Amino acid sequence: MEKENQTDLVTIFIISDSAGETASKLAQASMAQYPTVEFCLFRRTFISSAELLLKALKDAKNENAMIIHTLIDPKLSRIAEEFCEQAGLFHMDLLNPVVNEIERRASIEPTYEPGALHHLNDNYFKRIKALEFAVKYDDGKDAKGFLDADIVLLGVSRTSKTPLSLFLANKNLKVANLPLIPQAHIPKQLFQIDPKKIVGLTNDPEVLISIRKERMRAYGLNPETAYSDRDKIQAELEFANELYQKLGCYVVNVANYSIEETAAKIMNALDLEDHSYYFMEDAEDD
């Protein structure tokens, strides 16, 4: 039975005093639950004054939009609250309820600083170094990187090694990766590191065939090559799986997972924390 008052278009306004990433992620996660609904997503970011905020709110009202905001300034947050209540607009404040509860528990006032999440602090520069590490040791360019890496990713071609390396590097993790080819030399360093730091990536043969054919088409080449041959792909996967068993490493099939989901599974399996924003220094002994 269809629900009444259905609409062909759902409009969402993201309003933030910074880049608006937090609210955008919530909106996108919610939108993903409705693949048949058409959405229009507006971003009004770096809102620093009542004037800019009211203009954004009026634009949202004209579109009869849902509003999701992250405004840390109490004055701006209050303006948004009052405007939406008077206009009868759905609105959600993602930031202040949590900030206020932390203030209540810690008995410390927040800084009320817009964009505090994105400080160019020591942690930020650690993330940059992790990204540089991932680029330097991508595709097995230098096996010495395996010894310094937090994670070593192994996998046949098109198992998302490079995207995963960069995504995990954004979480301040040093990642190196190695493409696996049957009969190719396996660096000795791979057997010198803790297998708990190694992740073997695999994929379903049908998925690999499709991905590799599409890649060849993108290059304007014939998709029917040895690169996409079913028997050769099966041999590659068997070679990789035998190596994974020999190493005793964690294995994940990326066929049905996004980069984000695969990264989460890896971090959970390897018991790694996300240090992409803040980190706690080891407490010194008294």
# chains A, B, ... in the order shown; residues from 1 in each chain; ligands from 1
>>> residues_around(residues="range 139-152 of chain A", least_positions_apart="5", cutoff="10 Å", atoms="only C-alpha atoms", output="JSON, numbers by chain")
{"A": [130, 133, 134, 157, 161, 162, 165, 168, 169, 172, 173, 174, 175, 176, 177, 178, 179, 180, 186, 187, 188, 189, 190, 191, 192, 193, 194, 195, 196, 197, 198, 199, 200, 266, 267, 270, 272]}
>>> closest_atom_pairs(of="range 14-34 of chain A", to="range 78-94 of chain A", cutoff="12 Å", atoms="only C-alpha atoms", output="tab-separated table")
residue	atom	partner	partner_atom	distance
A:Ile14	CA	A:Met92	CA	10.0
A:Ile15	CA	A:Ala80	CA	9.4
A:Ser16	CA	A:Asp93	CA	10.1
A:Gly20	CA	A:Leu94	CA	10.8
A:Glu21	CA	A:Leu94	CA	11.5
A:Thr22	CA	A:Leu94	CA	8.2
A:Ala23	CA	A:Leu94	CA	7.1
A:Ser24	CA	A:Leu94	CA	10.9
A:Lys25	CA	A:Leu94	CA	11.3
A:Leu26	CA	A:Leu94	CA	9.2
A:Ala27	CA	A:Met92	CA	10.8
>>> residues_around(residues="range 211-216 of chain A", least_positions_apart="4", cutoff="8 Å", atoms="only C-alpha atoms", output="list of chain:residue names")
A:Arg158, A:Val207, A:Gly220, A:Leu221, A:Asn222, A:Pro223, A:Glu224, A:Tyr227, A:Ser228
>>> select_by_dssp(residues="range 137-194 of chain A", states="strand (DSSP E)", output="list in words")
Ile151, Val152, Leu153, Leu154, Gly155, Val175, Ala176, Asn177, Leu178 and Pro179 of chain A
>>> write_last_selection(atoms="C-alpha atoms", output="mmCIF file, in the first residue's frame")
data_model
loop_
_atom_site.group_PDB
_atom_site.id
_atom_site.type_symbol
_atom_site.label_atom_id
_atom_site.label_comp_id
_atom_site.auth_asym_id
_atom_site.auth_seq_id
_atom_site.Cartn_x
_atom_site.Cartn_y
_atom_site.Cartn_z
ATOM 1 C CA ILE A 151 49.323 -2.669 7.212
ATOM 2 C CA VAL A 152 50.538 -4.564 4.151
ATOM 3 C CA LEU A 153 47.867 -5.240 1.540
ATOM 4 C CA LEU A 154 48.300 -8.115 -0.901
ATOM 5 C CA GLY A 155 46.089 -8.916 -3.859
ATOM 6 C CA VAL A 175 50.042 1.194 4.301
ATOM 7 C CA ALA A 176 52.121 -0.595 1.677
ATOM 8 C CA ASN A 177 50.706 -2.922 -0.958
ATOM 9 C CA LEU A 178 51.957 -5.604 -3.315
ATOM 10 C CA PRO A 179 50.302 -6.905 -6.510
#
>>> closest_residue(among="A:Ala19, A:Ala60, A:Leu71, A:Ile233", to="Pro182 in chain A", atoms="only C-alpha atoms")
A:Ile233
>>> closest_residue(among="A:Lys129, A:Leu243, A:Ala116, A:Pro74", to="Asn100 in chain A", atoms="only C-alpha atoms")
A:Pro74
>>> atom_distance(atom1="CA of Leu76 in chain A", atom2="CA of Phe39 in chain A")
26.4 Å
>>> atom_distance(atom1="CA of Phe13 in chain A", atom2="CA of Ile67 in chain A")
4.9 Å
>>> closest_residue(among="A:His118, A:Val99, A:Leu247, A:Leu164", to="Lys265 in chain A", atoms="only C-alpha atoms")
A:Leu164
>>> select_by_dssp(residues="range 80-274 of chain A", states="helix (DSSP H, G or I)", output="VMD selection string")
chain A and resid 80 to 87 96 to 106 116 to 118 122 to 136 138 to 140 145 to 148 161 to 169 188 to 191 195 to 197 205 to 218 226 to 228 230 to 247 259 to 269
>>> atom_distance(atom1="CA of Leu117 in chain A", atom2="CA of Phe46 in chain A")
13.4 Å
>>> residues_around(residues="Leu131 in chain A", least_positions_apart="3", cutoff="7 Å", atoms="only C-alpha atoms", output="count of residues only")
7
